[in-house]
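K.L.:
File protein-v7.cif below, mmCIF, C-alpha atoms:
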```
data_final
loop_
_atom_site.label_atom_id
_atom_site.label_comp_id
_atom_site.auth_asym_id
_atom_site.auth_seq_id
_atom_site.Cartn_x
_atom_site.Cartn_y
_atom_site.Cartn_z
CA MET G 1 11.87 48.66 -3.23
CA ALA G 2 11.87 49.97 0.33
CA ASN G 3 8.38 51.41 -0.13
CA THR G 4 6.89 48.27 -1.67
CA ILE G 5 4.15 46.74 0.50
CA SER G 6 4.05 42.96 0.24
CA ARG G 7 0.71 41.18 0.41
CA MET G 8 2.32 39.10 3.16
CA GLU G 9 2.09 42.07 5.51
CA SER G 10 -1.66 41.45 5.74
CA VAL G 11 -1.11 37.83 6.82
CA GLN G 12 -1.12 37.24 10.57
CA SER G 13 2.00 35.87 12.22
CA PRO G 14 1.73 32.19 13.18
CA ILE G 15 0.54 32.29 16.77
CA ILE G 16 2.17 28.98 17.73
CA THR G 17 5.58 30.54 17.04
CA VAL G 18 4.75 33.66 19.08
CA VAL G 19 3.49 31.67 22.07
CA GLY G 20 6.38 29.23 21.67
CA GLU G 21 8.84 32.09 22.18
CA LEU G 22 7.04 33.12 25.37
CA ILE G 23 7.23 29.52 26.61
CA ARG G 24 10.98 29.34 25.92
CA ASN G 25 11.49 32.58 27.81
CA ASN G 26 9.63 31.15 30.82
CA PRO G 27 11.20 27.76 31.57
CA GLY G 28 8.97 25.26 33.30
CA THR G 29 5.81 26.40 31.49
CA ILE G 30 3.35 23.62 30.70
CA SER G 31 1.89 24.07 27.24
CA LEU G 32 -1.82 23.65 26.69
CA GLY G 33 -1.22 25.37 23.39
CA GLN G 34 -0.11 23.42 20.34
CA GLY G 35 -2.46 20.84 18.85
CA VAL G 36 -0.28 17.74 18.77
CA VAL G 37 -0.36 14.32 20.41
CA SER G 38 2.21 12.87 22.81
CA TYR G 39 2.53 9.41 21.29
CA PRO G 40 4.81 8.22 18.45
CA PRO G 41 3.83 6.57 15.16
CA PRO G 42 2.93 2.87 15.22
CA ALA G 43 5.72 0.31 14.90
CA GLU G 44 4.47 -0.54 11.42
CA ALA G 45 5.51 2.92 10.21
CA ILE G 46 9.11 2.37 11.24
CA GLU G 47 9.12 -1.20 9.91
CA PHE G 48 8.41 0.09 6.41
CA LEU G 49 11.46 2.38 6.32
CA PRO G 50 13.91 -0.42 5.30
CA LYS G 51 11.67 -1.03 2.27
CA PHE G 52 12.27 2.57 1.25
CA LEU G 53 16.02 2.27 1.80
CA ALA G 54 16.28 -1.02 -0.08
CA GLU G 55 15.30 0.54 -3.41
CA ASN G 56 17.74 3.09 -4.87
CA SER G 57 15.08 4.53 -7.17
CA ASN G 58 13.25 5.79 -4.07
CA ASN G 59 15.85 8.55 -3.90
CA LEU G 60 14.44 9.97 -7.14
CA TYR G 61 11.26 11.95 -7.65
CA LYS G 62 8.05 9.95 -7.53
CA PRO G 63 4.54 10.71 -8.85
CA VAL G 64 3.23 14.15 -7.91
CA GLU G 65 0.02 12.68 -6.47
CA GLY G 66 1.74 10.03 -4.31
CA ILE G 67 3.17 6.54 -4.67
CA PRO G 68 0.67 3.98 -6.02
CA GLN G 69 0.86 1.61 -3.07
CA LEU G 70 0.00 4.40 -0.59
CA LEU G 71 -2.86 5.62 -2.79
CA ALA G 72 -4.26 2.08 -2.78
CA VAL G 73 -4.21 1.84 1.02
CA ILE G 74 -5.81 5.29 1.37
CA LYS G 75 -8.53 4.23 -1.07
CA GLU G 76 -9.36 1.25 1.15
CA LYS G 77 -9.39 3.42 4.27
CA LEU G 78 -11.70 6.00 2.68
CA ASN G 79 -14.13 3.28 1.69
CA SER G 80 -14.18 1.48 5.04
CA PHE G 81 -14.00 4.42 7.49
CA ASN G 82 -15.42 7.40 5.56
CA ALA G 83 -17.87 5.61 3.23
CA ILE G 84 -16.27 7.48 0.33
CA GLU G 85 -15.99 5.61 -2.96
CA ILE G 86 -13.11 6.53 -5.23
CA ASN G 87 -14.33 6.41 -8.84
CA ASP G 88 -14.03 8.32 -12.12
CA ASP G 89 -15.45 11.46 -10.49
CA ASN G 90 -12.73 11.92 -7.86
CA ARG G 91 -9.04 11.46 -7.16
CA ILE G 92 -6.73 11.09 -4.17
CA VAL G 93 -3.69 13.35 -3.86
CA VAL G 94 -1.10 12.77 -1.12
CA THR G 95 0.21 16.06 0.31
CA ALA G 96 2.77 17.33 2.79
CA GLY G 97 0.17 17.57 5.53
CA SER G 98 -3.43 18.81 5.37
CA ASN G 99 -2.29 22.46 5.50
CA MET G 100 -0.75 21.93 2.08
CA ALA G 101 -3.92 20.19 0.93
CA PHE G 102 -5.90 23.29 1.89
CA MET G 103 -3.44 25.57 0.09
CA ASN G 104 -3.68 23.34 -2.99
CA ALA G 105 -7.46 23.58 -2.92
CA VAL G 106 -7.54 27.38 -2.54
CA LEU G 107 -5.09 27.95 -5.38
CA ALA G 108 -6.90 25.47 -7.65
CA ILE G 109 -10.40 26.93 -7.33
CA THR G 110 -9.81 30.70 -7.00
CA SER G 111 -8.55 33.74 -8.80
CA ALA G 112 -7.19 36.78 -6.97
CA GLY G 113 -10.01 38.69 -5.29
CA ASP G 114 -12.32 35.68 -4.90
CA GLU G 115 -13.98 34.85 -1.58
CA ILE G 116 -14.01 31.78 0.65
CA ILE G 117 -16.39 31.46 3.59
CA LEU G 118 -14.94 30.53 6.98
CA ASN G 119 -17.03 29.79 10.06
CA ALA G 120 -15.73 31.57 13.17
CA PRO G 121 -13.90 30.58 15.18
CA TYR G 122 -11.84 29.32 12.24
CA TYR G 123 -8.50 27.53 11.96
CA PHE G 124 -5.93 30.33 11.64
CA ASN G 125 -3.85 28.63 8.92
CA HIS G 126 -6.94 28.51 6.70
CA GLU G 127 -7.38 32.26 6.99
CA MET G 128 -3.67 32.77 6.33
CA ALA G 129 -3.72 30.57 3.22
CA ILE G 130 -6.67 32.48 1.76
CA ALA G 131 -4.86 35.78 2.30
CA ILE G 132 -1.63 34.45 0.80
CA ALA G 133 -3.58 33.42 -2.31
CA GLY G 134 -4.79 37.01 -2.72
CA CYS G 135 -8.36 36.06 -1.85
CA HIS G 136 -10.74 37.29 0.83
CA PRO G 137 -11.99 35.27 3.82
CA VAL G 138 -15.65 35.96 4.49
CA VAL G 139 -16.26 35.17 8.15
CA VAL G 140 -19.64 33.82 9.28
CA GLU G 141 -20.37 33.53 12.99
CA THR G 142 -21.44 30.22 14.49
CA ASP G 143 -24.13 30.01 17.18
CA GLU G 144 -23.58 30.16 20.96
CA ASN G 145 -22.51 26.49 20.93
CA TYR G 146 -20.20 27.01 17.92
CA GLN G 147 -22.53 25.09 15.62
CA LEU G 148 -23.05 26.11 12.00
CA LYS G 149 -25.64 28.73 11.01
CA VAL G 150 -26.57 27.51 7.55
CA ASN G 151 -28.87 30.45 6.82
CA ALA G 152 -26.06 32.87 7.64
CA ILE G 153 -23.70 30.94 5.37
CA ALA G 154 -26.24 31.12 2.56
CA ALA G 155 -26.64 34.87 3.06
CA ALA G 156 -22.86 35.37 2.86
CA ILE G 157 -22.52 33.78 -0.60
CA THR G 158 -21.83 36.28 -3.39
CA PRO G 159 -20.86 35.93 -7.07
CA LYS G 160 -17.22 35.92 -5.89
CA THR G 161 -17.68 33.01 -3.45
CA ARG G 162 -15.79 29.88 -4.46
CA ALA G 163 -16.12 27.65 -1.38
CA VAL G 164 -17.45 27.14 2.13
CA VAL G 165 -15.04 25.60 4.64
CA THR G 166 -16.16 23.31 7.47
CA ILE G 167 -13.94 21.66 10.09
CA SER G 168 -15.44 18.72 11.96
CA PRO G 169 -14.37 17.68 14.55
CA ASN G 170 -13.50 21.31 14.99
CA ASN G 171 -10.30 23.17 15.67
CA PRO G 172 -10.38 25.29 17.86
CA THR G 173 -13.69 24.48 19.60
CA GLY G 174 -13.75 20.68 19.71
CA VAL G 175 -17.40 20.60 18.59
CA VAL G 176 -18.61 18.00 16.10
CA TYR G 177 -21.08 19.12 13.44
CA SER G 178 -24.15 16.96 12.98
CA GLU G 179 -24.81 15.00 9.81
CA ALA G 180 -27.86 17.20 9.17
CA GLU G 181 -25.80 20.41 9.38
CA LEU G 182 -23.07 19.09 7.11
CA LEU G 183 -25.63 17.79 4.63
CA SER G 184 -27.33 21.20 4.55
CA VAL G 185 -24.02 22.95 3.82
CA ASN G 186 -23.11 20.37 1.21
CA GLN G 187 -26.43 20.73 -0.57
CA LEU G 188 -26.16 24.51 -0.39
CA CYS G 189 -22.77 24.38 -2.10
CA GLN G 190 -24.16 22.05 -4.75
CA GLN G 191 -27.09 24.37 -5.43
CA ARG G 192 -24.91 27.50 -5.61
CA GLY G 193 -22.23 25.90 -7.79
CA ILE G 194 -19.41 26.32 -5.28
CA TYR G 195 -17.13 23.89 -3.45
CA HIS G 196 -17.52 22.48 0.03
CA ILE G 197 -14.03 22.13 1.58
CA SER G 198 -14.31 19.66 4.44
CA ASP G 199 -11.32 19.54 6.82
CA GLU G 200 -11.43 16.18 8.62
CA THR G 201 -8.03 16.21 10.30
CA TYR G 202 -9.54 15.11 13.63
CA GLU G 203 -11.82 12.43 12.16
CA TYR G 204 -10.82 9.75 14.69
CA PHE G 205 -11.09 12.01 17.74
CA THR G 206 -14.72 11.73 18.81
CA PHE G 207 -16.03 10.87 22.26
CA ASP G 208 -19.14 9.76 24.15
CA GLY G 209 -20.57 7.81 21.25
CA VAL G 210 -20.41 10.69 18.74
CA LYS G 211 -19.54 9.59 15.21
CA HIS G 212 -17.63 11.40 12.49
CA VAL G 213 -19.38 12.06 9.18
CA SER G 214 -17.66 12.79 5.85
CA PRO G 215 -19.63 15.10 3.52
CA ALA G 216 -18.18 13.39 0.45
CA SER G 217 -20.11 10.28 1.48
CA PHE G 218 -23.47 12.01 0.98
CA LEU G 219 -25.65 11.42 -2.04
CA ALA G 220 -28.02 14.37 -2.25
CA ASN G 221 -30.76 14.60 -4.85
CA LYS G 222 -29.13 11.75 -6.78
CA PHE G 223 -26.14 14.02 -7.42
CA SER G 224 -22.67 12.71 -6.62
CA ASN G 225 -21.09 15.10 -4.15
CA ASN G 226 -17.71 14.02 -5.42
CA LYS G 227 -18.21 16.74 -8.05
CA HIS G 228 -18.18 19.67 -5.60
CA THR G 229 -16.71 18.34 -2.34
CA ILE G 230 -13.02 18.62 -1.42
CA SER G 231 -12.03 16.52 1.61
CA LEU G 232 -8.83 17.04 3.61
CA TYR G 233 -7.12 14.48 5.88
CA SER G 234 -3.95 14.20 7.95
CA LEU G 235 -1.81 11.56 9.64
CA SER G 236 -0.32 14.18 11.99
CA LYS G 237 -2.80 13.65 14.82
CA ALA G 238 -4.13 10.10 14.86
CA TYR G 239 -0.81 8.51 13.87
CA GLY G 240 1.63 10.77 15.75
CA PHE G 241 3.00 11.94 12.40
CA ALA G 242 3.29 15.70 12.93
CA SER G 243 6.83 16.20 11.62
CA TRP G 244 6.58 13.53 8.92
CA ARG G 245 4.30 15.92 6.97
CA ILE G 246 1.87 13.53 5.31
CA GLY G 247 -1.78 14.24 4.59
CA TYR G 248 -4.04 13.70 1.62
CA MET G 249 -7.04 15.14 -0.14
CA VAL G 250 -9.97 13.76 -2.11
CA ILE G 251 -10.83 16.09 -4.98
CA PRO G 252 -13.19 16.24 -7.95
CA THR G 253 -11.41 14.86 -11.01
CA GLU G 254 -11.87 18.21 -12.74
CA LEU G 255 -9.34 19.73 -10.29
CA PHE G 256 -6.69 17.05 -10.69
CA VAL G 257 -4.63 18.74 -13.41
CA SER G 258 -4.66 22.10 -11.58
CA ILE G 259 -3.64 20.58 -8.27
CA LYS G 260 -0.84 18.60 -9.88
CA LYS G 261 0.51 21.88 -11.34
CA ILE G 262 0.45 23.48 -7.90
CA GLN G 263 1.98 20.55 -6.08
CA ASP G 264 4.67 20.01 -8.71
CA THR G 265 5.66 23.66 -8.42
CA ILE G 266 5.77 23.81 -4.62
CA LEU G 267 6.77 20.27 -3.68
CA ILE G 268 7.32 18.10 -6.80
CA CYS G 269 6.21 15.08 -4.77
CA PRO G 270 5.45 14.38 -1.10
CA PRO G 271 8.53 13.10 0.79
CA VAL G 272 8.79 9.49 -0.34
CA ILE G 273 10.36 8.24 2.89
CA SER G 274 7.39 9.70 4.78
CA GLN G 275 5.01 8.08 2.30
CA TYR G 276 6.55 4.69 3.09
CA ALA G 277 6.12 5.37 6.79
CA ALA G 278 2.49 6.36 6.13
CA LEU G 279 1.97 3.17 4.16
CA GLY G 280 3.01 1.23 7.23
CA ALA G 281 1.05 3.39 9.66
CA LEU G 282 -2.22 2.95 7.77
CA GLN G 283 -1.81 -0.80 8.08
CA ALA G 284 -1.50 -0.70 11.86
CA LYS G 285 -4.15 -2.60 13.78
CA PRO G 286 -7.18 -0.58 14.95
CA GLU G 287 -6.04 -1.16 18.53
CA TYR G 288 -3.20 1.33 17.98
CA ILE G 289 -5.54 4.29 17.53
CA GLN G 290 -8.10 3.02 20.03
CA HIS G 291 -5.50 2.65 22.78
CA HIS G 292 -4.34 6.23 22.37
CA LEU G 293 -7.90 7.53 22.06
CA ASP G 294 -8.71 5.86 25.37
CA GLU G 295 -5.74 7.62 27.00
CA ILE G 296 -6.73 10.99 25.56
CA SER G 297 -10.30 10.37 26.68
CA GLN G 298 -9.07 9.99 30.25
CA VAL G 299 -7.16 13.28 30.01
CA ARG G 300 -10.28 14.89 28.51
CA LYS G 301 -12.38 13.79 31.50
CA LEU G 302 -9.79 15.20 33.90
CA VAL G 303 -9.78 18.54 32.06
CA MET G 304 -13.59 18.65 32.03
CA ARG G 305 -13.75 18.08 35.79
CA SER G 306 -11.17 20.79 36.45
CA LEU G 307 -12.84 23.32 34.17
CA LYS G 308 -16.00 23.12 36.28
CA ASP G 309 -14.11 25.21 38.84
CA LEU G 310 -14.25 28.09 36.36
CA THR G 311 -18.04 28.38 36.46
CA GLY G 312 -18.89 32.07 36.48
CA ILE G 313 -15.44 32.99 35.16
CA CYS G 314 -15.72 31.25 31.79
CA GLN G 315 -18.38 29.92 29.47
CA ILE G 316 -17.32 26.46 28.31
CA THR G 317 -19.20 24.75 25.48
CA ALA G 318 -19.42 20.96 25.38
CA ALA G 319 -16.82 19.54 23.01
CA ASP G 320 -17.32 16.01 21.68
CA GLY G 321 -14.31 15.90 19.36
CA ALA G 322 -10.69 16.78 18.62
CA PHE G 323 -8.70 17.57 21.81
CA TYR G 324 -9.65 21.16 22.51
CA PHE G 325 -11.88 23.25 24.72
CA PHE G 326 -12.66 26.84 23.77
CA LEU G 327 -13.23 29.14 26.73
CA LYS G 328 -15.06 32.45 26.64
CA VAL G 329 -13.60 34.38 29.58
CA ASN G 330 -15.75 36.96 31.33
CA THR G 331 -13.21 39.79 31.33
CA ASP G 332 -12.29 43.00 29.54
CA ILE G 333 -8.64 41.89 29.38
CA ASP G 334 -7.64 41.23 25.79
CA ALA G 335 -6.88 37.60 25.02
CA PHE G 336 -3.18 37.95 24.17
CA SER G 337 -2.47 39.97 27.32
CA LEU G 338 -4.20 37.27 29.35
CA VAL G 339 -2.11 34.57 27.64
CA GLU G 340 1.07 36.51 28.46
CA ARG G 341 0.11 36.78 32.14
CA LEU G 342 -0.77 33.09 32.37
CA ILE G 343 2.64 32.15 30.99
CA LYS G 344 4.72 34.63 32.98
CA GLU G 345 2.86 34.40 36.30
CA TYR G 346 1.43 30.87 36.32
CA GLN G 347 3.65 28.98 33.86
CA VAL G 348 0.84 27.63 31.72
CA ALA G 349 0.31 28.40 28.03
CA VAL G 350 -2.88 28.53 25.98
CA ILE G 351 -3.72 30.14 22.62
CA PRO G 352 -5.63 33.46 22.33
CA GLY G 353 -8.96 33.35 20.50
CA THR G 354 -8.14 36.41 18.41
CA THR G 355 -5.98 34.25 16.14
CA PHE G 356 -9.10 32.16 15.38
CA GLY G 357 -11.08 35.21 14.32
CA MET G 358 -12.74 36.02 17.66
CA GLN G 359 -12.01 39.74 17.80
CA HIS G 360 -14.78 40.69 20.24
CA GLY G 361 -14.48 39.25 23.72
CA CYS G 362 -11.76 37.20 25.37
CA TYR G 363 -11.42 33.59 24.22
CA LEU G 364 -8.79 30.94 24.92
CA ARG G 365 -8.11 27.59 23.24
CA VAL G 366 -7.04 24.83 25.60
CA ALA G 367 -5.33 21.83 23.97
CA TYR G 368 -4.85 18.61 25.92
CA GLY G 369 -3.82 16.01 23.29
CA ALA G 370 -0.08 16.32 23.89
CA LEU G 371 -0.13 15.68 27.63
CA LEU G 372 0.06 12.62 29.79
CA ILE G 373 -2.44 12.63 32.60
CA ASP G 374 -0.07 13.84 35.37
CA THR G 375 1.22 16.75 33.28
CA ALA G 376 -2.31 17.59 32.16
CA LYS G 377 -3.44 17.66 35.79
CA ALA G 378 -0.66 20.08 36.74
CA GLY G 379 -1.24 22.25 33.67
CA ILE G 380 -4.99 22.56 34.06
CA GLU G 381 -4.61 23.30 37.79
CA ARG G 382 -2.28 26.18 36.91
CA LEU G 383 -4.77 27.45 34.32
CA VAL G 384 -7.71 27.31 36.72
CA LYS G 385 -5.76 29.02 39.49
CA GLY G 386 -4.47 31.70 37.12
CA LEU G 387 -7.89 32.53 35.71
CA GLN G 388 -9.49 32.53 39.18
CA GLU G 389 -6.90 34.95 40.56
CA ILE G 390 -6.57 37.21 37.50
CA ILE G 391 -10.29 37.50 36.72
CA ASN G 392 -11.53 37.70 40.30
#
```
As structure tokens, how would this structure be written, given the file I've shared?

P.N.:
Amino acid sequence: MANTISRMESVQSPIITVVGELIRNNPGTISLGQGVVSYPPPAEAIEFLPKFLAENSNNLYKPVEGIPQLLAVIKEKLNSFNAIEINDDNRIVVTAGSNMAFMNAVLAITSAGDEIILNAPYYFNHEMAIAIAGCHPVVVETDENYQLKVNAIAAAITPKTRAVVTISPNNPTGVVYSEAELLSVNQLCQQRGIYHISDETYEYFTFDGVKHVSPASFLANKFSNNKHTISLYSLSKAYGFASWRIGYMVIPTELFVSIKKIQDTILICPPVISQYAALGALQAKPEYIQHHLDEISQVRKLVMRSLKDLTGICQITAADGAFYFFLKVNTDIDAFSLVERLIKEYQVAVIPGTTFGMQHGCYLRVAYGALLIDTAKAGIERLVKGLQEIIN
């Protein structure tokens, strides 16, 4: 047993935990690291909890795919916000966050040794899930502005490819893919007989007039994309629901039985108390999200102004979505060493780009969604000062 090598040894350690330990060891550090928001769920989420408590049967297992009343509200949301129609070709499955939705999808569509295409920089938990499933991530580089290179994606498809993953708005770069790019990828997947996994966790977080587009809303060549598109969503960001662990996925009906097997084995059913909270949250007035988006937008503008002081030290691509900026630092220092120095010497934390698949060059992800404007101002000033003094 001592000589047995587990497949888990090839899976990277969660970087948030590693950086979190450094933060704890350096009290007073301001975190520009983890991708969470500062605000709590809407009042409607809490108001629905007595309805859960009032029914004793809610303490028992509920349907694997989610409680009917939550599925109904999600169906309405998908139709009104995403232009996705739920019909005989697709199904909604409520999950314990969108990370679980991605794991469900990978396990449902692959066998060991299959390939899934990720666009770098990718979301690290996606790469980890693929490895855990015994599959291989095939990494395709994006262009200098972190936009998709559809021809490169097409060239990376092999007989073992089962899906192409897109994240828009993007984590870690904050870029938003255009409708034309997403349509091209979606059509490519249709033509090659593979799935398009569309992670839309940050769907509400777009700025400066940019709009979110859901690939499952496309109708290409009179073919319903519901048959090859898997869409992933989360309440963690927009509704301040990070620890409540509620997300959902829209899947082709052909995958429903497989995904129910997976979810029943791992989870049985999503936490019912959290589903009741989600039911309330999704009925909150639009002003709830808009108010918080306006606050984050103000923090974003502050961060953008401050980052201008890093001209010549970093290359910073415009980011119209999510709550991240991805910096390419002009240095030979490796990214993790730079992160360590920023925490220990300047008390500000960011995430190294290596964890997002950027192995060549020094990249940093800056997250600003969790900070109020005064804290953000202090944190970004520390970051700018640290990079100016370390790099120069």

K.L.:
Counting all atoms listed in the file, what is within 10 Å of Thr110 in chain G, bar same-chain residues fewer than 3 positions away, as a list in words?

P.N.:
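Residues near the query, excluding close chain neighbours: Ala105, Val106, Leu107, Gly113, Asp114, Glu115, Ile116, Ile130, Ala133, Gly134, Cys135, Lys160, Thr161, Arg162 and Ala163 of chain G.
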
K.L.:
Which is closest to Leu372 in chain G among G:Ile153, G:Val299, G:Ser57, G:Ala83, if we use only C-alpha atoms?

P.N.:
G:Val299

K.L.:
So that all listed atoms of range 315-329 of chain G fit with 6 Å spare on each side, what axis-aligned box centre and edge lengths in Å, to one decimal, would you give as lines of an AutoDock Vina configuration file?

P.N.:
```
center_x = -14.1
center_y = 25.1
center_z = 24.1
size_x = 22.7
size_y = 30.5
size_z = 23.0
```

K.L.:
From the list G:Met103, G:Ile273, G:Ala238, G:Ile86, which residue is nearest His291 in chain G when using only C-alpha atoms?

P.N.:
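Among G:Met103, G:Ile273, G:Ala238, G:Ile86, it is G:Ala238 that comes nearest to His291 in chain G.
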
K.L.:
Apply the PyMOL selection byres ((chain G and resi 327) around 7) to the displayed file and report the matching residues as a PyMOL selection string.

P.N.:
chain G and resi 314-316+325-326+328-329+363-365

K.L.:
For the provided coordinates, the residues matched by the PyMOL selection byres ((chain G and resi 30) around 6) should be stated as a compact mmCIF listing (two decimals) with C-alpha atoms, in the coordinates of the input.

P.N.:
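And here is the file that came out, result_23.txt:
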```
# COMPACT_ATOMS: atom_id res chain seq x y z
CA THR G 29 5.81 26.40 31.49
CA SER G 31 1.89 24.07 27.24
CA VAL G 348 0.84 27.63 31.72
CA GLY G 379 -1.24 22.25 33.67
```

K.L.:
What's the separation between CA of Leu387 in chain G and CA of Tyr146 in chain G, in Å to one decimal place?

P.N.:
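Those two atoms sit 22.3 Å apart.
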
K.L.:
Could you jot down the CA of Ser98 in chain G to CA of Ser234 in chain G separation for me, Å, one decimal place?

P.N.:
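One can read the CA of Ser98 in chain G to CA of Ser234 in chain G distance as 5.3 Å.
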
K.L.:
Between CA of Tyr61 in chain G and CA of Asn90 in chain G, measure the distance and give it in Å to one decimal.

P.N.:
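If I compute the distance from CA of Tyr61 in chain G to CA of Asn90 in chain G, I get 24.0 Å.
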
K.L.:
I'd like the neighbourhood of range 336-341 of chain G as a list of chain:residue names, where a residue qualifies if any of its atoms comes within 7 Å (using only C-alpha atoms), though same-chain residues fewer than 2 positions away should be ignored.

P.N.:
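Counting only the stated atoms, we get G:Ile333, G:Asp334, G:Ile343, G:Lys344, G:Glu345, G:Ala349, G:Val350, G:Ile351, G:Pro352.
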
K.L.:
Check what the PyMOL selection byres ((chain G and resi 376) around 10) selects in the file above and give those residues as a PyMOL selection string.

P.N.:
chain G and resi 30-32+299-300+302-303+367-375+377-382

K.L.:
Compare G:Tyr122, G:Phe102, G:Tyr276, G:Trp244 by their minimum atom-to-atom distance to Pro68 in chain G, counting all atoms listed in the file, and give me the closest one.

P.N.:
G:Tyr276

K.L.:
For range 315-326 of chain G of the structure just presented, write N, CA and C atoms to a file, as a PDB file, in the first residue's frame.

P.N.:
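Once written, out_24.pdb looks like this:
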```pdb
ATOM      1  N   GLN G 315       1.217  44.246 -18.046  1.00  0.00           N
ATOM      2  CA  GLN G 315       0.267  44.369 -19.140  1.00  0.00           C
ATOM      3  C   GLN G 315      -1.103  43.988 -18.598  1.00  0.00           C
ATOM      4  N   ILE G 316      -2.069  44.895 -18.749  1.00  0.00           N
ATOM      5  CA  ILE G 316      -3.389  44.705 -18.157  1.00  0.00           C
ATOM      6  C   ILE G 316      -4.430  44.783 -19.262  1.00  0.00           C
ATOM      7  N   THR G 317      -5.100  43.673 -19.511  1.00  0.00           N
ATOM      8  CA  THR G 317      -6.112  43.602 -20.560  1.00  0.00           C
ATOM      9  C   THR G 317      -7.446  44.115 -20.038  1.00  0.00           C
ATOM     10  N   ALA G 318      -8.173  44.833 -20.875  1.00  0.00           N
ATOM     11  CA  ALA G 318      -9.495  45.323 -20.504  1.00  0.00           C
ATOM     12  C   ALA G 318     -10.387  44.151 -20.101  1.00  0.00           C
ATOM     13  N   ALA G 319     -11.134  44.336 -19.028  1.00  0.00           N
ATOM     14  CA  ALA G 319     -11.998  43.283 -18.502  1.00  0.00           C
ATOM     15  C   ALA G 319     -13.395  43.858 -18.299  1.00  0.00           C
ATOM     16  N   ASP G 320     -14.345  43.375 -19.083  1.00  0.00           N
ATOM     17  CA  ASP G 320     -15.703  43.912 -19.053  1.00  0.00           C
ATOM     18  C   ASP G 320     -16.659  43.080 -18.212  1.00  0.00           C
ATOM     19  N   GLY G 321     -16.137  42.061 -17.510  1.00  0.00           N
ATOM     20  CA  GLY G 321     -17.038  41.204 -16.752  1.00  0.00           C
ATOM     21  C   GLY G 321     -16.392  40.608 -15.524  1.00  0.00           C
ATOM     22  N   ALA G 322     -17.204  39.821 -14.799  1.00  0.00           N
ATOM     23  CA  ALA G 322     -16.800  39.208 -13.529  1.00  0.00           C
ATOM     24  C   ALA G 322     -16.281  40.297 -12.585  1.00  0.00           C
ATOM     25  N   PHE G 323     -15.343  39.968 -11.694  1.00  0.00           N
ATOM     26  CA  PHE G 323     -14.728  41.009 -10.843  1.00  0.00           C
ATOM     27  C   PHE G 323     -13.257  40.710 -10.667  1.00  0.00           C
ATOM     28  N   TYR G 324     -12.603  40.529 -11.838  1.00  0.00           N
ATOM     29  CA  TYR G 324     -11.180  40.204 -11.860  1.00  0.00           C
ATOM     30  C   TYR G 324     -10.434  41.050 -12.880  1.00  0.00           C
ATOM     31  N   PHE G 325      -9.155  41.260 -12.590  1.00  0.00           N
ATOM     32  CA  PHE G 325      -8.188  41.702 -13.593  1.00  0.00           C
ATOM     33  C   PHE G 325      -7.046  40.694 -13.567  1.00  0.00           C
ATOM     34  N   PHE G 326      -6.491  40.425 -14.744  1.00  0.00           N
ATOM     35  CA  PHE G 326      -5.411  39.449 -14.872  1.00  0.00           C
ATOM     36  C   PHE G 326      -4.188  40.181 -15.373  1.00  0.00           C
TER      37      PHE G 326
END
```
